[in-house]
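Okay, structure first, notes after.
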Amino acid sequence: MTRLNTRKRDKKKDFENMKSSHKNGQLRKKDILRSVVELFQKEPDKFFNYKQVSAQVGLKTMAQKQQLVTMLTKLVDEDFLLEPTIGKYKYNGRNGSIVGTLERKKGGKIYLIPEDGGDEIFILDKYMNKAIVGDKVRVRLFAKRHNQADLEGQVVEVIQRAHNTFVGKLQVSKDYAFLCLENRMLNNDIFIPKDKINGGKNGDKAVVRITDWPDRDRNPVGEVLEILGSVGDNNAEMNAILVEFGLPYSYPKEIEDFANTIPDEISKDEIAKRIDCRETTTFTIDPKDAKDFDDALSIRKLSNGNWEIGVHIADVTHYVNVGDLINIEAEKRATSIYLVDRTIPMLPERLSNQICSLRPDEDKLCHTVLFEMNDDATVINYKIAHTVIRSDRRFTYEEAQDIIEKKEGDLCTELLTLDALAKKLREERFKNGAIAFERSEVKFEIDEKGKPISVYFKESKDANKLIEEFMLLANKTVAKHIGKTEGKTKPKTFVYRIHDLPDPDKLANLSAFISRFGYKVKTMGKNKEVSTSINNLLDEVQGKKEQNLIETITIRSMAKAIYSTDNIGHYGLAFEFYTHFTSPIRRYPDMMVHRLLDRYAEGGNSANRDMFEELCQHSSEMEQIAANAERASVKYKQVEFMSDKIGKIYDGVISGIQEWGIYVELLENKCEGMIPIRDLDDDFYIFDEKEYCLIGRKHKQKYQLGDEVVVRIAKANLEKKQLDFELIEKKLS
């Protein structure tokens, strides 16, 4: 109580001194600072210029006003104030504590990605306070240091754990073990008591759950949940990647058992409710290793000379109901996952590969868009309906492509007609401003043990583009069917696939980067003008050594496509309305779209927007996580493929520059590795962030993006999915 009274007396004394100073016109520096701080905190949303602050605080003399100028500059430097335009100041609401997600960037540094979209905040390991990469945390900002580019902070609260399960390699001793993590999500290994090792042996890949993290201990305590297998075993490594990203690698037995109770017979009553398309020529075109055929095309000539084209999509929601076990699991997964050597399906295999898969010579239930089109590929009319189909033939892309090229083979006339119509749809799409992002995919030929024996590149040909155009048309039509309303009628809640306009700053950076290669891109103007300029760039780089690099940088300058109930259109496709309707076997948003179509066809009210927006956000997040896992599996296979090529020499192109090294992509197989900066021993190299290059202090040798180099394979670390290169020479431009 005495201390409290003392503090009150001190505060009162300070206040009296401050009042006295005001009367005498002799405000002390600390009093001015306190008044300025209180002013901005009291009016956090208001902008003040220098004169307004001076008047509010009650400054009289020129000396006091000069002090204020210095003070405002210092408060901006320390991030207490924002100065969005010169001479106008506002309280920085982010000052103090900020909530966001922890993410480890290339090179190992950890940053907070703020929820409010502000600048990233660097967190030193010693300030993590038992937070883990991926956690949602609250961070206290430090005052900004002079000449320090990054904002820095300290974790003060873990709001939500992203993971409590981790995968790594066991180090087993007599009385205990440690799980050593390869992905550095945790800074400390996990301690495992002897009775929690679960039969694990030294060197095993294991899944471990954190059970405790005592305040006094550096290491969390855990228990082994499952042994995945030996390090280097293909199944163990692929499953480890899935666990690392918090993804499932098997299907729960109770859900598979539930799926086995679903009958595969189609009743006469069900057929009677639907349009019967079984007599119309119908076929599927899919990758050669696909088993889940979720789309088929049909074609027939109408009496008026037009074409009826059917885009038939597996009617998954006929079999899967909201609230049942399968739907709960599908909603959680949100997407199928495609690793190099396997598919982890969203739905149980009985549905994805059997009941719902549009296999040839079997009656199948579909949700269909039937188009009436003329020879110019103009849509005269369309109908969205439930159908029953019977596929006549299953084509691989290679088989369909062969028929299109040779103009002979099964269903040749039908394929050539659809190909001609698809090319006209495609031409119209690009005329309207669509962007041609068609990168070749790195694929592996693998042996029976999962070991990669060769690398090849999958390119999109006419057969791929045929399917793509009709799927795009169906998705666009379905979205427009619900989203486009007459007059002031508000559209009903729907799930859209949206793609925002590119960030102008990123486009400016792209323009600056490609200018080094002699290319130009328009960064300002109408949407169509900018997209046409980007297409011209992508055409120009075709077949050039820098093609893959420039395509990658261009894609990174674009926004990410996501799911949302708020339709803003799809910039990359140049569509005002777009959704995902055509892949309900492998994407949960497509199931949502099918259900909403049925709801509104039956006259139902608009669905709950908040609920569907939450599902959209979850689906977008799971899509990104699955994509990261897929990339990790490709990276692992690239390192595995190169592991027996140590010492071999390859031509490459610099694909990335960081302060710790140079990333190089090999021209022959697109495998990427790094030349550590410590190995560049001919000079002391400095990282120039502005120019995005390394420059030798003494000899001024420069390494920058796009430079051609010759490298030797020095090391292949499978555990870290990392290739190390040794620089042989830089080629002269």
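Ordering of the structure tokens sets the chain letters (A, B, ...), residue numbers begin anew at 1 in every chain, and ligands are numbered from 1 in the order given.
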Counting only C-alpha atoms, give me one row per residue of stretch 403-458 of chain A with an atom at most 10 Å from an atom of stretch 364-380 of chain A, showing the shortest contact pair and its distance in Å to one decimal, sorted by chain then residue number, as a tab-separated table.
residue	atom	partner	partner_atom	distance
A:Thr417	CA	A:Asp375	CA	8.9
A:Leu418	CA	A:Ala377	CA	9.5
A:Ala420	CA	A:Ala377	CA	8.6
A:Leu421	CA	A:Ala377	CA	5.2
A:Ala422	CA	A:Ala377	CA	7.6
A:Lys423	CA	A:Ala377	CA	8.9
A:Lys424	CA	A:Ala377	CA	6.1
A:Leu425	CA	A:Ala377	CA	6.2
A:Arg426	CA	A:Ala377	CA	9.9
A:Glu428	CA	A:Ala377	CA	9.4
Please save N, CA and C atoms of the selected residues as a CSV table (one decimal), in the first residue's frame.
chain,number,residue,atom,x,y,z
A,417,THR,N,-13.5,-32.6,-83.8
A,417,THR,CA,-14.5,-31.5,-83.6
A,417,THR,C,-14.3,-30.7,-82.3
A,418,LEU,N,-14.2,-31.5,-81.2
A,418,LEU,CA,-14.0,-30.9,-79.9
A,418,LEU,C,-12.7,-30.1,-79.9
A,420,ALA,N,-11.3,-28.5,-82.5
A,420,ALA,CA,-11.5,-27.3,-83.2
A,420,ALA,C,-12.3,-26.3,-82.4
A,421,LEU,N,-13.3,-26.8,-81.7
A,421,LEU,CA,-14.1,-25.9,-80.9
A,421,LEU,C,-13.3,-25.3,-79.7
A,422,ALA,N,-12.5,-26.2,-79.1
A,422,ALA,CA,-11.6,-25.7,-77.9
A,422,ALA,C,-10.6,-24.7,-78.4
A,423,LYS,N,-10.1,-24.8,-79.6
A,423,LYS,CA,-9.1,-23.8,-80.1
A,423,LYS,C,-9.8,-22.4,-80.3
A,424,LYS,N,-11.0,-22.4,-80.7
A,424,LYS,CA,-11.8,-21.2,-80.8
A,424,LYS,C,-12.1,-20.6,-79.5
A,425,LEU,N,-12.5,-21.4,-78.5
A,425,LEU,CA,-12.7,-20.9,-77.1
A,425,LEU,C,-11.5,-20.3,-76.6
A,426,ARG,N,-10.4,-21.0,-76.8
A,426,ARG,CA,-9.1,-20.5,-76.3
A,426,ARG,C,-8.7,-19.2,-76.9
A,428,GLU,N,-10.6,-16.9,-78.2
A,428,GLU,CA,-11.5,-15.9,-77.6
A,428,GLU,C,-11.1,-15.5,-76.2
Counting only C-alpha atoms, which residues in stretch 188-296 of chain A sit no more than 9 Å from stretch 462-468 of chain A? For each one, give the nearest pair of atoms and the distance in Å, sorted by chain then residue number, as CSV.
residue,atom,partner,partner_atom,distance
A:Ile285,CA,A:Ile467,CA,7.4
A:Asp286,CA,A:Asn464,CA,8.5
A:Ala296,CA,A:Ile467,CA,8.9
Would you give me, as JSON lines, each residue of stretch 555-613 of chain A having an atom within 10 Å of an atom of stretch 303-323 of chain A, along with its shortest atom pair and that distance in Å to one decimal, using only C-alpha atoms and sorting by chain and residue number?
{"residue": "A:Phe581", "atom": "CA", "partner": "A:Ile313", "partner_atom": "CA", "distance": 7.9}
{"residue": "A:Thr582", "atom": "CA", "partner": "A:Ile313", "partner_atom": "CA", "distance": 5.7}
{"residue": "A:Ser583", "atom": "CA", "partner": "A:Ile313", "partner_atom": "CA", "distance": 7.2}
{"residue": "A:Pro584", "atom": "CA", "partner": "A:Val316", "partner_atom": "CA", "distance": 6.3}
{"residue": "A:Ile585", "atom": "CA", "partner": "A:Val316", "partner_atom": "CA", "distance": 6.7}
{"residue": "A:Asp590", "atom": "CA", "partner": "A:Val316", "partner_atom": "CA", "distance": 9.5}
{"residue": "A:Met591", "atom": "CA", "partner": "A:Thr317", "partner_atom": "CA", "distance": 6.4}
{"residue": "A:Met592", "atom": "CA", "partner": "A:Thr317", "partner_atom": "CA", "distance": 8.8}
{"residue": "A:Val593", "atom": "CA", "partner": "A:Thr317", "partner_atom": "CA", "distance": 10.0}
{"residue": "A:His594", "atom": "CA", "partner": "A:Thr317", "partner_atom": "CA", "distance": 7.1}
{"residue": "A:Arg595", "atom": "CA", "partner": "A:Thr317", "partner_atom": "CA", "distance": 7.0}
{"residue": "A:Asp598", "atom": "CA", "partner": "A:Thr317", "partner_atom": "CA", "distance": 9.9}
Selection to disk with N, CA and C atoms, as a PDB file, in the first residue's frame:
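The result, stored in part.pdb:
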ATOM      1  N   PHE A 581     -16.175 -26.316 -60.323  1.00  0.00           N
ATOM      2  CA  PHE A 581     -17.317 -27.226 -60.371  1.00  0.00           C
ATOM      3  C   PHE A 581     -16.900 -28.613 -60.872  1.00  0.00           C
ATOM      4  N   THR A 582     -15.755 -28.694 -61.537  1.00  0.00           N
ATOM      5  CA  THR A 582     -15.441 -29.853 -62.380  1.00  0.00           C
ATOM      6  C   THR A 582     -14.608 -30.948 -61.717  1.00  0.00           C
ATOM      7  N   SER A 583     -14.244 -30.815 -60.439  1.00  0.00           N
ATOM      8  CA  SER A 583     -13.416 -31.849 -59.799  1.00  0.00           C
ATOM      9  C   SER A 583     -13.856 -32.155 -58.366  1.00  0.00           C
ATOM     10  N   PRO A 584     -15.099 -32.592 -58.168  1.00  0.00           N
ATOM     11  CA  PRO A 584     -15.560 -32.841 -56.796  1.00  0.00           C
ATOM     12  C   PRO A 584     -14.936 -34.068 -56.146  1.00  0.00           C
ATOM     13  N   ILE A 585     -14.320 -34.956 -56.930  1.00  0.00           N
ATOM     14  CA  ILE A 585     -13.645 -36.113 -56.336  1.00  0.00           C
ATOM     15  C   ILE A 585     -12.405 -35.665 -55.571  1.00  0.00           C
ATOM     16  N   ASP A 590     -15.606 -27.799 -54.883  1.00  0.00           N
ATOM     17  CA  ASP A 590     -16.480 -28.263 -55.958  1.00  0.00           C
ATOM     18  C   ASP A 590     -17.718 -28.951 -55.385  1.00  0.00           C
ATOM     19  N   MET A 591     -17.540 -29.691 -54.277  1.00  0.00           N
ATOM     20  CA  MET A 591     -18.692 -30.307 -53.615  1.00  0.00           C
ATOM     21  C   MET A 591     -19.628 -29.231 -53.075  1.00  0.00           C
ATOM     22  N   MET A 592     -19.059 -28.167 -52.520  1.00  0.00           N
ATOM     23  CA  MET A 592     -19.887 -27.059 -52.028  1.00  0.00           C
ATOM     24  C   MET A 592     -20.684 -26.439 -53.171  1.00  0.00           C
ATOM     25  N   VAL A 593     -20.039 -26.256 -54.313  1.00  0.00           N
ATOM     26  CA  VAL A 593     -20.693 -25.667 -55.488  1.00  0.00           C
ATOM     27  C   VAL A 593     -21.846 -26.553 -55.954  1.00  0.00           C
ATOM     28  N   HIS A 594     -21.624 -27.870 -56.019  1.00  0.00           N
ATOM     29  CA  HIS A 594     -22.687 -28.792 -56.432  1.00  0.00           C
ATOM     30  C   HIS A 594     -23.897 -28.677 -55.499  1.00  0.00           C
ATOM     31  N   ARG A 595     -23.644 -28.594 -54.211  1.00  0.00           N
ATOM     32  CA  ARG A 595     -24.747 -28.510 -53.244  1.00  0.00           C
ATOM     33  C   ARG A 595     -25.509 -27.193 -53.350  1.00  0.00           C
ATOM     34  N   ASP A 598     -27.806 -27.251 -56.359  1.00  0.00           N
ATOM     35  CA  ASP A 598     -29.028 -28.020 -56.060  1.00  0.00           C
ATOM     36  C   ASP A 598     -29.972 -27.212 -55.175  1.00  0.00           C
TER      37      ASP A 598
END
Might you pull out every residue within 8 Å of stretch 34-40 of chain A, with only C-alpha atoms counted and same-chain residues fewer than 5 positions away left off, and present them as a CSV table (one decimal) with C-alpha atoms, in the first residue's frame?
chain,number,residue,atom,x,y,z
A,46,LYS,CA,-6.4,11.0,-36.7
A,53,VAL,CA,0.8,19.0,-32.9
A,56,GLN,CA,-2.3,20.9,-29.3
A,57,VAL,CA,0.7,20.4,-27.0
A,90,LYS,CA,-0.5,9.2,-37.3
A,91,TYR,CA,-0.3,6.8,-34.4
Residues near A:Ala334, cut-off 12 Å, only C-alpha atoms, skip fewer than 4 positions along chain, as a PDB file with N, CA and C atoms, in the first residue's frame:
ATOM      1  N   LEU A 247      -0.373 -33.210 -42.837  1.00  0.00           N
ATOM      2  CA  LEU A 247      -1.329 -33.847 -43.742  1.00  0.00           C
ATOM      3  C   LEU A 247      -1.432 -35.342 -43.452  1.00  0.00           C
ATOM      4  N   PRO A 248      -2.593 -35.943 -43.726  1.00  0.00           N
ATOM      5  CA  PRO A 248      -2.764 -37.385 -43.470  1.00  0.00           C
ATOM      6  C   PRO A 248      -2.062 -38.213 -44.544  1.00  0.00           C
ATOM      7  N   ILE A 326     -17.866 -39.384 -44.123  1.00  0.00           N
ATOM      8  CA  ILE A 326     -17.034 -39.109 -45.304  1.00  0.00           C
ATOM      9  C   ILE A 326     -16.944 -37.612 -45.544  1.00  0.00           C
ATOM     10  N   ASN A 327     -18.076 -36.916 -45.410  1.00  0.00           N
ATOM     11  CA  ASN A 327     -18.067 -35.475 -45.649  1.00  0.00           C
ATOM     12  C   ASN A 327     -17.232 -34.735 -44.608  1.00  0.00           C
ATOM     13  N   ILE A 328     -17.330 -35.155 -43.349  1.00  0.00           N
ATOM     14  CA  ILE A 328     -16.533 -34.509 -42.287  1.00  0.00           C
ATOM     15  C   ILE A 328     -15.048 -34.631 -42.606  1.00  0.00           C
ATOM     16  N   GLU A 329     -14.624 -35.827 -43.046  1.00  0.00           N
ATOM     17  CA  GLU A 329     -13.212 -36.044 -43.385  1.00  0.00           C
ATOM     18  C   GLU A 329     -12.816 -35.265 -44.639  1.00  0.00           C
ATOM     19  N   ALA A 330     -13.695 -35.244 -45.645  1.00  0.00           N
ATOM     20  CA  ALA A 330     -13.405 -34.522 -46.893  1.00  0.00           C
ATOM     21  C   ALA A 330     -13.288 -33.021 -46.637  1.00  0.00           C
ATOM     22  N   ILE A 344      -2.861 -39.049 -52.305  1.00  0.00           N
ATOM     23  CA  ILE A 344      -3.554 -39.214 -51.028  1.00  0.00           C
ATOM     24  C   ILE A 344      -4.934 -38.597 -51.249  1.00  0.00           C
ATOM     25  N   PRO A 345      -5.957 -39.444 -51.455  1.00  0.00           N
ATOM     26  CA  PRO A 345      -7.247 -38.931 -51.911  1.00  0.00           C
ATOM     27  C   PRO A 345      -8.033 -38.202 -50.825  1.00  0.00           C
ATOM     28  N   MET A 346      -8.873 -37.283 -51.283  1.00  0.00           N
ATOM     29  CA  MET A 346      -9.761 -36.580 -50.356  1.00  0.00           C
ATOM     30  C   MET A 346     -10.900 -37.500 -49.918  1.00  0.00           C
ATOM     31  N   LEU A 347     -11.320 -38.362 -50.826  1.00  0.00           N
ATOM     32  CA  LEU A 347     -12.422 -39.291 -50.560  1.00  0.00           C
ATOM     33  C   LEU A 347     -11.892 -40.715 -50.475  1.00  0.00           C
ATOM     34  N   TYR A 563     -10.308 -19.234 -52.920  1.00  0.00           N
ATOM     35  CA  TYR A 563     -11.758 -19.401 -52.887  1.00  0.00           C
ATOM     36  C   TYR A 563     -12.363 -18.302 -52.015  1.00  0.00           C
ATOM     37  N   SER A 583     -14.244 -30.815 -60.439  1.00  0.00           N
ATOM     38  CA  SER A 583     -13.416 -31.849 -59.799  1.00  0.00           C
ATOM     39  C   SER A 583     -13.856 -32.155 -58.366  1.00  0.00           C
ATOM     40  N   PRO A 584     -15.099 -32.592 -58.168  1.00  0.00           N
ATOM     41  CA  PRO A 584     -15.560 -32.841 -56.796  1.00  0.00           C
ATOM     42  C   PRO A 584     -14.936 -34.068 -56.146  1.00  0.00           C
ATOM     43  N   ILE A 585     -14.320 -34.956 -56.930  1.00  0.00           N
ATOM     44  CA  ILE A 585     -13.645 -36.113 -56.336  1.00  0.00           C
ATOM     45  C   ILE A 585     -12.405 -35.665 -55.571  1.00  0.00           C
ATOM     46  N   ARG A 586     -11.776 -34.581 -56.033  1.00  0.00           N
ATOM     47  CA  ARG A 586     -10.499 -34.198 -55.423  1.00  0.00           C
ATOM     48  C   ARG A 586     -10.481 -32.816 -54.783  1.00  0.00           C
ATOM     49  N   ARG A 587     -11.601 -32.045 -54.865  1.00  0.00           N
ATOM     50  CA  ARG A 587     -11.629 -30.708 -54.256  1.00  0.00           C
ATOM     51  C   ARG A 587     -12.945 -30.500 -53.520  1.00  0.00           C
ATOM     52  N   TYR A 588     -12.865 -30.116 -52.261  1.00  0.00           N
ATOM     53  CA  TYR A 588     -14.086 -29.898 -51.481  1.00  0.00           C
ATOM     54  C   TYR A 588     -14.897 -28.683 -51.960  1.00  0.00           C
ATOM     55  N   PRO A 589     -14.253 -27.569 -52.407  1.00  0.00           N
ATOM     56  CA  PRO A 589     -15.057 -26.445 -52.906  1.00  0.00           C
ATOM     57  C   PRO A 589     -16.005 -26.857 -54.033  1.00  0.00           C
ATOM     58  N   ASP A 590     -15.606 -27.799 -54.883  1.00  0.00           N
ATOM     59  CA  ASP A 590     -16.480 -28.263 -55.958  1.00  0.00           C
ATOM     60  C   ASP A 590     -17.718 -28.951 -55.385  1.00  0.00           C
ATOM     61  N   MET A 591     -17.540 -29.691 -54.277  1.00  0.00           N
ATOM     62  CA  MET A 591     -18.692 -30.307 -53.615  1.00  0.00           C
ATOM     63  C   MET A 591     -19.628 -29.231 -53.075  1.00  0.00           C
ATOM     64  N   MET A 592     -19.059 -28.167 -52.520  1.00  0.00           N
ATOM     65  CA  MET A 592     -19.887 -27.059 -52.028  1.00  0.00           C
ATOM     66  C   MET A 592     -20.684 -26.439 -53.171  1.00  0.00           C
ATOM     67  N   LEU A 615     -15.390 -21.848 -44.831  1.00  0.00           N
ATOM     68  CA  LEU A 615     -15.001 -23.045 -45.575  1.00  0.00           C
ATOM     69  C   LEU A 615     -14.095 -22.695 -46.758  1.00  0.00           C
ATOM     70  N   CYS A 616     -14.363 -21.556 -47.392  1.00  0.00           N
ATOM     71  CA  CYS A 616     -13.507 -21.092 -48.502  1.00  0.00           C
ATOM     72  C   CYS A 616     -12.091 -20.822 -48.012  1.00  0.00           C
ATOM     73  N   GLN A 617     -11.975 -20.128 -46.886  1.00  0.00           N
ATOM     74  CA  GLN A 617     -10.651 -19.817 -46.343  1.00  0.00           C
ATOM     75  C   GLN A 617      -9.897 -21.086 -45.982  1.00  0.00           C
ATOM     76  N   HIS A 618     -10.597 -22.030 -45.351  1.00  0.00           N
ATOM     77  CA  HIS A 618      -9.973 -23.309 -44.991  1.00  0.00           C
ATOM     78  C   HIS A 618      -9.501 -24.046 -46.244  1.00  0.00           C
ATOM     79  N   SER A 619     -10.333 -24.064 -47.278  1.00  0.00           N
ATOM     80  CA  SER A 619      -9.975 -24.761 -48.519  1.00  0.00           C
ATOM     81  C   SER A 619      -8.764 -24.108 -49.183  1.00  0.00           C
ATOM     82  N   SER A 620      -8.715 -22.795 -49.173  1.00  0.00           N
ATOM     83  CA  SER A 620      -7.563 -22.083 -49.756  1.00  0.00           C
ATOM     84  C   SER A 620      -6.280 -22.418 -48.995  1.00  0.00           C
ATOM     85  N   GLU A 621      -6.377 -22.448 -47.667  1.00  0.00           N
ATOM     86  CA  GLU A 621      -5.204 -22.767 -46.841  1.00  0.00           C
ATOM     87  C   GLU A 621      -4.733 -24.202 -47.084  1.00  0.00           C
ATOM     88  N   MET A 622      -5.675 -25.150 -47.127  1.00  0.00           N
ATOM     89  CA  MET A 622      -5.302 -26.551 -47.338  1.00  0.00           C
ATOM     90  C   MET A 622      -4.722 -26.772 -48.731  1.00  0.00           C
ATOM     91  N   GLU A 623      -5.237 -26.038 -49.709  1.00  0.00           N
ATOM     92  CA  GLU A 623      -4.690 -26.116 -51.074  1.00  0.00           C
ATOM     93  C   GLU A 623      -3.225 -25.691 -51.079  1.00  0.00           C
ATOM     94  N   GLN A 624      -2.913 -24.616 -50.344  1.00  0.00           N
ATOM     95  CA  GLN A 624      -1.536 -24.118 -50.300  1.00  0.00           C
ATOM     96  C   GLN A 624      -0.629 -25.100 -49.571  1.00  0.00           C
ATOM     97  N   ILE A 625      -1.108 -25.672 -48.465  1.00  0.00           N
ATOM     98  CA  ILE A 625      -0.311 -26.649 -47.714  1.00  0.00           C
ATOM     99  C   ILE A 625      -0.033 -27.871 -48.576  1.00  0.00           C
ATOM    100  N   ALA A 626      -1.057 -28.360 -49.292  1.00  0.00           N
ATOM    101  CA  ALA A 626      -0.879 -29.520 -50.166  1.00  0.00           C
ATOM    102  C   ALA A 626       0.137 -29.211 -51.267  1.00  0.00           C
TER     103      ALA A 626
END
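The spacing separating atom CA of A:Gly433 from atom CA of A:His570 amounts to 10.8 Å.
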Sel. of strand (DSSP E or B) residues, stretch 187-320 of chain A, as a ChimeraX atom specification: /A:190-193,204-212,221-230,275-276,282-286,295-301,307-314
Store the residues of this selection in a file with C-alpha atoms, as a PDB file, in the first residue's frame.
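Result went into result06.pdb, see below:
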ATOM      1  CA  ILE A 190      12.427 -33.373 -28.582  1.00  0.00           C
ATOM      2  CA  PHE A 191      13.404 -35.416 -25.514  1.00  0.00           C
ATOM      3  CA  ILE A 192      11.724 -38.844 -25.309  1.00  0.00           C
ATOM      4  CA  PRO A 193      11.751 -40.889 -22.057  1.00  0.00           C
ATOM      5  CA  ASP A 204      14.374 -44.574 -37.563  1.00  0.00           C
ATOM      6  CA  LYS A 205      12.016 -41.991 -39.027  1.00  0.00           C
ATOM      7  CA  ALA A 206       9.382 -41.431 -36.353  1.00  0.00           C
ATOM      8  CA  VAL A 207       6.274 -39.369 -35.606  1.00  0.00           C
ATOM      9  CA  VAL A 208       6.467 -37.786 -32.135  1.00  0.00           C
ATOM     10  CA  ARG A 209       3.897 -35.804 -30.156  1.00  0.00           C
ATOM     11  CA  ILE A 210       4.958 -33.143 -27.661  1.00  0.00           C
ATOM     12  CA  THR A 211       3.393 -33.971 -24.290  1.00  0.00           C
ATOM     13  CA  ASP A 212       5.052 -31.354 -22.074  1.00  0.00           C
ATOM     14  CA  VAL A 221       9.209 -33.741 -23.898  1.00  0.00           C
ATOM     15  CA  GLY A 222       7.456 -36.124 -26.262  1.00  0.00           C
ATOM     16  CA  GLU A 223       6.311 -39.644 -27.052  1.00  0.00           C
ATOM     17  CA  VAL A 224       6.713 -41.726 -30.221  1.00  0.00           C
ATOM     18  CA  LEU A 225       3.341 -42.216 -31.926  1.00  0.00           C
ATOM     19  CA  GLU A 226       4.514 -44.197 -34.926  1.00  0.00           C
ATOM     20  CA  ILE A 227       7.661 -45.518 -36.575  1.00  0.00           C
ATOM     21  CA  LEU A 228       7.554 -44.680 -40.288  1.00  0.00           C
ATOM     22  CA  GLY A 229      10.589 -46.752 -41.282  1.00  0.00           C
ATOM     23  CA  SER A 230      14.269 -46.405 -41.986  1.00  0.00           C
ATOM     24  CA  ILE A 275     -31.531 -36.754 -68.259  1.00  0.00           C
ATOM     25  CA  ASP A 276     -30.393 -40.019 -69.839  1.00  0.00           C
ATOM     26  CA  THR A 282     -19.017 -39.966 -74.300  1.00  0.00           C
ATOM     27  CA  PHE A 283     -15.387 -40.411 -73.240  1.00  0.00           C
ATOM     28  CA  THR A 284     -12.791 -39.390 -70.675  1.00  0.00           C
ATOM     29  CA  ILE A 285      -9.248 -38.056 -71.238  1.00  0.00           C
ATOM     30  CA  ASP A 286      -6.905 -38.273 -68.252  1.00  0.00           C
ATOM     31  CA  ASP A 295     -15.005 -35.481 -65.795  1.00  0.00           C
ATOM     32  CA  ALA A 296     -16.171 -36.738 -69.198  1.00  0.00           C
ATOM     33  CA  LEU A 297     -17.150 -35.084 -72.483  1.00  0.00           C
ATOM     34  CA  SER A 298     -20.010 -36.008 -74.802  1.00  0.00           C
ATOM     35  CA  ILE A 299     -20.792 -34.713 -78.275  1.00  0.00           C
ATOM     36  CA  ARG A 300     -23.663 -35.048 -80.723  1.00  0.00           C
ATOM     37  CA  LYS A 301     -24.878 -33.161 -83.760  1.00  0.00           C
ATOM     38  CA  TRP A 307     -23.449 -29.206 -81.488  1.00  0.00           C
ATOM     39  CA  GLU A 308     -24.551 -30.427 -78.086  1.00  0.00           C
ATOM     40  CA  ILE A 309     -21.469 -30.694 -75.892  1.00  0.00           C
ATOM     41  CA  GLY A 310     -21.866 -32.269 -72.471  1.00  0.00           C
ATOM     42  CA  VAL A 311     -19.411 -31.572 -69.657  1.00  0.00           C
ATOM     43  CA  HIS A 312     -20.238 -34.397 -67.259  1.00  0.00           C
ATOM     44  CA  ILE A 313     -18.924 -34.232 -63.691  1.00  0.00           C
ATOM     45  CA  ALA A 314     -19.095 -37.059 -61.146  1.00  0.00           C
TER      46      ALA A 314
END
Spatial neighbours of A:Asn234, 8 Å, only C-alpha atoms, chain gap at least 3 places, as a PyMOL selection string: chain A and resi 237-238+449-451
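Pairwise distance (atom CA of A:Glu665, atom CA of A:Ile337) equals 25.6 Å.
Our summary of the geometry notes that atom CA of A:Leu549 is positioned 25.1 Å from atom CA of A:Ile453.
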To test your reading of the structure, identify every residue in stretch 484-559 of chain A that backbone DSSP assigns to helix (DSSP H, G or I), and report it as a compact mmCIF listing (two decimals) with C-alpha atoms, in the first residue's frame.
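result02.txt, written as the output of this step:
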# COMPACT_ATOMS: atom_id res chain seq x y z
CA PRO A 504 1.79 -2.73 -58.95
CA ASP A 505 5.02 -2.85 -56.90
CA LYS A 506 5.61 -6.49 -57.85
CA LEU A 507 4.97 -5.68 -61.51
CA ALA A 508 7.47 -2.82 -61.28
CA ASN A 509 10.04 -5.22 -59.77
CA LEU A 510 9.34 -7.71 -62.57
CA SER A 511 9.85 -4.97 -65.16
CA ALA A 512 13.18 -3.97 -63.60
CA PHE A 513 14.35 -7.59 -63.46
CA ILE A 514 13.49 -8.60 -67.04
CA SER A 515 15.05 -5.40 -68.43
CA ARG A 516 18.45 -7.02 -67.67
CA PHE A 517 17.62 -9.57 -70.36
CA ASN A 527 -6.18 -4.84 -67.34
CA LYS A 528 -6.25 -6.19 -70.89
CA GLU A 529 -3.25 -4.08 -71.93
CA VAL A 530 -1.16 -5.34 -68.98
CA SER A 531 -2.17 -8.98 -69.50
CA THR A 532 -1.41 -8.77 -73.24
CA SER A 533 2.02 -7.38 -72.40
CA ILE A 534 2.65 -10.26 -69.95
CA ASN A 535 1.60 -12.78 -72.64
CA ASN A 536 4.00 -11.18 -75.12
CA LEU A 537 6.79 -11.55 -72.55
CA LEU A 538 5.96 -15.24 -71.96
CA ASP A 539 5.96 -15.82 -75.74
CA GLU A 540 9.32 -14.06 -76.15
CA GLN A 547 12.60 -19.11 -69.81
CA ASN A 548 12.01 -21.03 -66.58
CA LEU A 549 13.49 -18.25 -64.43
CA ILE A 550 11.43 -15.47 -66.02
CA GLU A 551 8.25 -17.58 -65.96
CA THR A 552 8.83 -18.25 -62.25
CA ILE A 553 9.44 -14.58 -61.42
CA THR A 554 6.38 -13.56 -63.49
CA ILE A 555 4.12 -16.02 -61.65
CA ARG A 556 5.43 -14.74 -58.32
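The closest residue to A:Met558, picked from A:Ile435, A:Leu597, A:Val541, A:Met471 and counting only C-alpha atoms, is A:Ile435.
Taking only C-alpha atoms, the non-local environment of stretch 627-631 of chain A within 7 Å (same-chain residues fewer than 3 positions away omitted) comprises Ile241, Leu242, Phe245, Tyr338, Leu339, Glu623, Gln624, Val634 and Lys635 of chain A.
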For the residues in the current selection, export C-alpha atoms as a tab-separated table (two decimals), in the first residue's frame.
chain	number	residue	atom	x	y	z
A	241	ILE	CA	6.78	-35.15	-45.84
A	242	LEU	CA	3.02	-35.47	-45.27
A	245	PHE	CA	2.98	-30.45	-43.34
A	338	TYR	CA	-0.41	-35.46	-55.33
A	339	LEU	CA	3.14	-36.41	-54.37
A	623	GLU	CA	-4.69	-26.12	-51.07
A	624	GLN	CA	-1.54	-24.12	-50.30
A	634	VAL	CA	9.62	-33.09	-55.96
A	635	LYS	CA	12.60	-31.49	-54.20
